[in-house]
Each structure stands twice: as C-alpha cells, then as structure tokens.
Amino acid sequence: MEQDRQDVYSPGEIEGKWQAAWDDRGTNSFTEEMFRSAQEPFYNLMMFPYPSAEGLHVGNIYAFTGADVHGRYQRLTGKAVFEPIGFDAFGIHSENFALKQGVNPMDLTPKNVANFTRQLRRIGGMFDWDHTVNTSEPDYYRWTQWIFVQLFKAGLAERKEAPVNWCPDCMTVLANEQVINGLCERCDTPVEQRRIAQWFFRITDYAQRLLDNLKNIDWSETTLKAQENWIGRSEGATLKFPVLATTTEGPEGPLPPGVTAWVPAEGTPPISVFTTRPDTVNGATYMVLAPEHPLVAEITTPDRKAEVEAYQEEAAKLDLVARQKVDKTKTGVFTGGYCTNPATNQPIPIWIADYVLIEYGTGAIMAVPGHDQRDFEFAEVFDLPIPRVVAGPGDDADTPLEEAYVGDGVLVNSGHFDGLPWREGARAIVEWLEKRELAEPQVNYRLHDWCISRQRYWGPPIPIIHCDKCGPVAVPEADLPVVLPRLEDFKPDDSGVSPLARVEEWYKTECPECGEGARRETDVSDTFLDSSWYFLRYPSTDHEDIPMDAEITKRWLPVDCYIGGEEHAVLHLLYARFITMALKDMGQVDFEEPFLKFRKHGLIIREGAKMSKSKGNVIVPDPIIEEFGADTFRIYLMFLGPFAEGGDYRDEGIQGPFGFLHRLFDTVVSAIANSQPDTPPDPQVEQKLHKTIKQVSEQIPNLQYNTAIAAMMEYLNAARAGGRQAVRAEVEALVPLVAPFAPHLAEELWERLGNEQSVFEGANWPAFDPQKVAEETVKIAVQVNGKLRGTVEAPAGSSQEEVESLARAQENVTRHLDGTTVRRVIFVPNRLLNFVVG
RNA sequence: GCGAAAGUGGCGGAACUGGUAGACGCGCGAGAUUUAGGAUCUCGUGGCUUAGGCCGUGGGGGUUCGAGUCCCCCCUUUCGCACCA
C-alpha cells in the first residue's frame, strides 16, 4: 500500500494545527456563563511556576503534564474541567536574578512570563489562558494586600520585635522554613540572628485546627505526616520554679559558696518551664535558661555578671549553623542564681546555655540529666548530679546511669510517687503541683508565627501606614493597591529596611484616620503570601472589583485535585490552609480546607542526581519537542516511572514512545483507509481491547500513568501482531484512551475518524464490557511441590477434576509424579494446580 | 538521633486480596528491507546448565502446599526534620 506524504506522522504539523484550533475555538477557556452553570465542575490545579529566565525545565513539564493528563481524563469522563495556570512572579528568585543581570525585575518579569507562556502552550496543556494570574501585577497584588488588611483587621497580623533569621548575603529576613541546616535556602549562606520589628501572621492560633483537619483531607500520606511534624504538637505541662534570693543573711545549713540563705526572692516571678515529662521533675537538679531569656539579668549575681554577659554575647554572635550543631560539646555558664524545685523543695542552680532555645516553650528548661540526653551531656561537662527517677525493667532506684534513660519505667526517688508507671506519675505530679499553683497542663507546638515582612523590593508593599498618633493603620481598601514604584536602585542593603525606605516621595503620606503626616510601611510581604491564595483568584479574574465572586467561588472551590511537588509539603500548603481558614472565619469563603485532594509528584533524576544547573544534567525541553513533538515528550515523561515517585531520565529512552505514536498513527490511519466502519473486530483483539480500557480507566485516576501507557502499547502490539491489518472497530476506542497523554495526535485521529468537534468535547471515555473482559479460556499453572512443571489451557471456571486430568496428561507433569504419592492437591480456580507429593 | 519511603535482569520499571517473577520500554543480539543510516519491520533476550533441570526479587531466619508480597532480625540507599525540652 502506498501512503501519500500527508499520511506520515509529523508531530510538528499536527501540534501546531491543534494548538491553534484550541485557541480559535476556545476549547479550554471558560466563559462567565460556564463558571456559573457548570454541572459537574472539576477544579484541576497544579502548582504555578516561578517564571525564571531560563525558561521551563523538565521538572516543570513533568509536573504539569501529569496534572494535565488527570485533567484531560476528567474532562473526557464528562466533567467541566477548569485547569488554570499562572505565574508566581514576585520574590527573591526574580529579584536576585535581576540584580545579577543588572536589569529591572519590572522589565525582566514580563519577558520571562511571555517565554513561559510560549513554552506552556507548546506542551499542549489544557490551560485556560483567559484566566491566568501573575502575582506581580497590580490587579493581582491589590488583593494580596487586601488579604493582609483583612488579617490585620482580624488581629491576625501584628508587628513585634523578634529575633529573626537574617541572611547576610540576601540581606533579608528569612522564615524558619527558609533556613536549611542553618543556611539560607537560596544562597547557602550561614544565617545570623537579628532583632528587628517584623510583621507576623498569627498562624499559631490555628495550630490545633491545622492539625485536626488533616484527618479530613485526602492527601498523600507523606505530606500529611510532614505537616503534622511541622506543627509539632507536644503535650506536657508548665511547671513553676520559684526564684530564691541569694544575698540574704542568716545561715541555715550547708550552703553553696556565695549563698547565705534560702529565701524567696521578693518581686521576681517564678520561672516557668515547659516539659513533656513532668514525671521526672524530682530529677531536675538544675535549671537552664536560654541566653536571651529576659530574667537572666535579674538573676545573675554580681560576681557572675561578667562571665554571663560574655556568654550571652558569644551566643548572639554564633550563627545558627554553629549553634545547632548537635554533636557540639555543651557549653554554658552558672548565673549564681537559684530556684526551688517545686517537687523536692530543694534549691537548684540556674545556668544559661545555648542548647536551650528562646523561641520554643518558655525559653527555659528544668534539666533532668538522668532522663534527657542533652541535660545528661551538660551535667557531665559541668559535673552536676545525675539522679535516677525512672527505673526501666531490671533497674532499681540505684542503678547507675551511663546515659540518659528515656524508656518506659516506674518512678523512683520521687517521694510518695515512687512505683507509679511514668505516664500515671506525670498526671499525678501535675495534679499535685496544680493544687499549689505550681503546674498547669500545657500543649506546645513547634510551629512559629509566620514572619511575613521582607526588607526587599520585589514584592507587594505591605498595606500599612504608620502614624505617630494612631499607630499602624491599614490602608483603606478603596486605596488599594499600594503600587510598587519602579526603582532603578533596588539593591538591598545592610540597613535592615527595604529599598523602598529610600524613596521619600513614595513613603510620605497622610494617616487615613487623623490626616496627619505619616509614613508607609516600606517592607514588602513574603512570596508565600502571594501563593497562599492564588487558587481563589483564578476563577474570578474577570471580576476586577472584588477578590473573588461569591457564587463562582461557591461552585468551584475547594479545589478538587491539587498536584505539586513534595518540596512544598510544609511551606506553601500550610500557609494556603491557614489563609483559607482565616478567610472562612471572616466569612469570606464557606470552606476551610482549600485542597480536598492533594497528590505529590516525584522528581526527575538524570545521571544519578536531581536535574539542576549546578550538576550540569539539565535537559532543555525545546529541542526535544522540536525533534520528537510534545506528545512524544509527554508520553515519555509519564512512562518513566510512577508519577508519584518520579523517574530516571535517559536520553535514548524517548525512542520507545516516539515509535509507539508512529505505529499508533499508522495503524489508525490505515484502519480508516482499509476497513469499513462496520467490520467486526477480531474477538481476541476485542477482548484485549476491553481489558485495556479497564486497566487504563483504573490506572489514570490513581496517577499510574506508566502502567496505563504500557497497557496501551501492549494492546497496539496485539492489534498489529504479525503485521496484521487492524480494523476500525479495533482502534477507534484507542483515540480517546490515548488523548490525555497525546492530545494533539488524538485530535488529529479523531478528526480523521470523521468527527467535527474536539475529541475532548465530542468523545466519551470508552466503557468496557465486563463480559468481554472475562476470559473464556485460562492458562493454569501446574506445580509439583510448588515448582512449576507445566501449564494447561482450560475453559474458565473448569473444575479441579477437569484441570487435574488435563495436567496429568502432560508428560512433564507425569514424570514428576511418577514414583511418588500425591498427598494433597491445591487448586486455585483459573490460576493454579499444585500436587503435593511425598 | 527522629520521621517517611524504597532495595526486583545490563538499565527504567511491572506483578490484584500470598498463586506461572521480570509486563511495557530502553539497551543488546539475529534476520529482512535499504546505496547508506542513529530509519522501518520481524524474531530473540534473568543467570547457570551435563538440556533433565538448578539458581534467582539487599542479607539471614520463620510461617505456608506455595513468599517479591506476611512475621522477626540485620544491611544499604534516598528524602524530610533535627539541641523543640
């Protein structure tokens, strides 16, 4: 048979043709009417990219393709699928790059966005280009600022001076989440601590809800675990240790040098500590305050002052890397002060040490060296007593401790609490101390408030005006957006304030309340605020005067399926949940979890490492799409491995999917040319087809794209086996089946099959016939003592007798049965027959 | 240290509630067609083998007629968190 030129699969032509057709026909775009009336709305969201100057990389394409496959599948099953994409264009990434290149981010960003848009169109995503967002545009960040104002009004935004992570290279404050092992996540510079006035969102108010709701959402298990760990709930108690004055006269028994009497210190509040092990309080032989603890100065005795202050200074200078080194030998200084252990009533010395962190709990601990390894190490260095108060199995009250014992056990050396299992002991001791107002049950969270301000340029100005009379006042909503001015000099400096603070004509303003001269906040907000609500904006981008249309939001949100990278498991996802919850409490939305279902995708590995510029193993997508087409590239990426786990990118591997699409094209085109529409399918091929439909239909919703593709390849091989000519009825259903993966090719074949509408509008997801999936004959394994000795073919549902007689007819089986006694026969219908012989 | 996931051919990876390990693809081998090809198409491809089998899913035990899958111990790798009291 001769094929004319037109009938050779040429992805370049086909893809250009269909991308243009989708645009012209508005195949993927929603109208206002569609938003309001869609019957089965399905919001298919993927994490929007930061538009880098390098363009889309394979990791982006992998993620978007996987999400797009899912969206296209949902659409083929009849849902109205809204699949938007946008650009996370504000932030330090863009700003740093602009600084390096000596260009203005206001000029650079639109170029990058245009390039990303071009590339995103090329990969054939089902994106609604009429509803995109760009976080750096005033029509978007107007509403980012609006959200800030809402939180401010609700008392959830507050300004406080706080020790913050300062990156001396980026010259900005970082959130705890952006500090990786004490290094800046962007530039790997050791982070320092500074005290600056900062804006915080009170996410900790929502800690328990953020934790509780995890039970009600369908997310990847690992992501839920990550969130849970990040929130870090721990249950325990605060215990109070009254402070003793140490300079009073009148000796009473043996006292440490410098101490003349034990009397309560007048006017000094007791020191609170948080502990998860109140049962061990009898073993608390000393107390440790963080060097920054506010009571240090008050407690320190004059003779210790110099040493204590030197240590405080040292600790402040230490960057977080050095401070957080776990294997570092414990250091610390005795303050000269004492307090009373509320359980033993004994005086214990108060130390300061940098292993106690000011930001967690109360910034002070009761040190129980016998049952906390850190305290143990400290006590060893400074030769402090290490009593045992919990006895494990086989221990008694005097068993010496080689290291801290943290296992199960019963209390010892704890007065009338001796003998209680530790959990019960904890409860009893707290109750007992509570009566004397020295204890209180307490829950603590590792989660910190979200530091939202950045002393940078490339972000939304925080919409606050500082007035000497009225304090911080929100910019009136009618005056939003507070437009980010174009600055030629936007380089951050060491001053601790944003470059915007250099522009007097920008920050000078009037107080919206009293009309006096006032000053705009010059800090900008964290990029994570931009991305914490973008999914709320997408369906409402046609509405300029409101952040979101209530009716549309009600119909389309929460998001039905969100797909993104595991690297955002704690940062972005937690912030988005928090903002949504806060908006719910303000009555702005009627749901509190934004993402009903979240699935993470894996990473693409190449040459044994994650693709990155520094490793030099990056694949630039454009030439590959040029050579093989987007459809092939999409299939190749989805075929690498399970989508949730990522895959190993090997350059030669793309030949397989390329060949598959070639064969698919040829097979369908020649079936159209060479068979009548009503030619019946070969029964065996038809059966295989129904099995394939079943498999693909089950695997796509589970994101098992690799096996779905394998199933289609297998089917195509079967339909063409031995060079046979497939008929139309055998291949027609393959077109919608492959459409989520290779949308351009599917459209082309769908059209050649004589359809006018897009395959995504006109086709139904093929159904399989359960009758046809059922096997008529089955291959049954025949084993002797569990070892395979043959297989027999038998009608499905054959009885054990029938199968057994077939099996015994096989020479290879009888040979193994000869001279033995069959003791038992195991029969699994349609699967296996096992002779157990002795 | 804590938490999570994972170890299967030369490689990426399949394998439903325990039931023929290695689907699909890459690579490799043989052949066909071709002036030629890094093109296309067919067939083959876990190892060993005395050709009957034997051995094989990180290692070692166990349960079972039967284990990649279940149980116990150990090893390795990757990722996340990490002095959080």
# chains A, B, ... in the order shown; residues from 1 in each chain; ligands from 1
>>> residues_around(residues="segment 19-28 of chain B", least_positions_apart="4", cutoff="6 Å", atoms="only C-alpha atoms (C1' of nucleotides)", output="VMD selection string")
(chain A and resid 653 656 710 781) or (chain B and resid 14)
>>> residues_around(residues="Leu56 of chain A", least_positions_apart="5", cutoff="8 Å", atoms="only C-alpha atoms (C1' of nucleotides)", output="list in words")
Pro51, Ile61, Phe116, Gln119, Leu120 and Pro621 of chain A
>>> residues_around(residues="U77 of chain B", least_positions_apart="6", cutoff="12 Å", atoms="only C-alpha atoms (C1' of nucleotides)", output="list in words")
A5, A6, G7 and G58 of chain B
>>> closest_residue(among="B:G29, B:G60, B:G46, B:G66", to="chain A", atoms="only C-alpha atoms (C1' of nucleotides)")
B:G66
>>> interface_residues(of="chain B", to="chain A", cutoff="12 Å", atoms="only C-alpha atoms (C1' of nucleotides)", output="JSON, numbers by chain")
{"B": [1, 2, 3, 4, 5, 6, 11, 12, 13, 14, 15, 16, 19, 20, 23, 24, 25, 26, 27, 38, 39, 40, 41, 42, 43, 52, 53, 54, 64, 65, 66, 67, 78, 79, 80, 81, 82, 83, 84, 85]}
>>> closest_residue(among="A:Val483, A:Leu76, A:Cys187, A:Ala114", to="Asp139 of chain A", atoms="only C-alpha atoms")
A:Val483
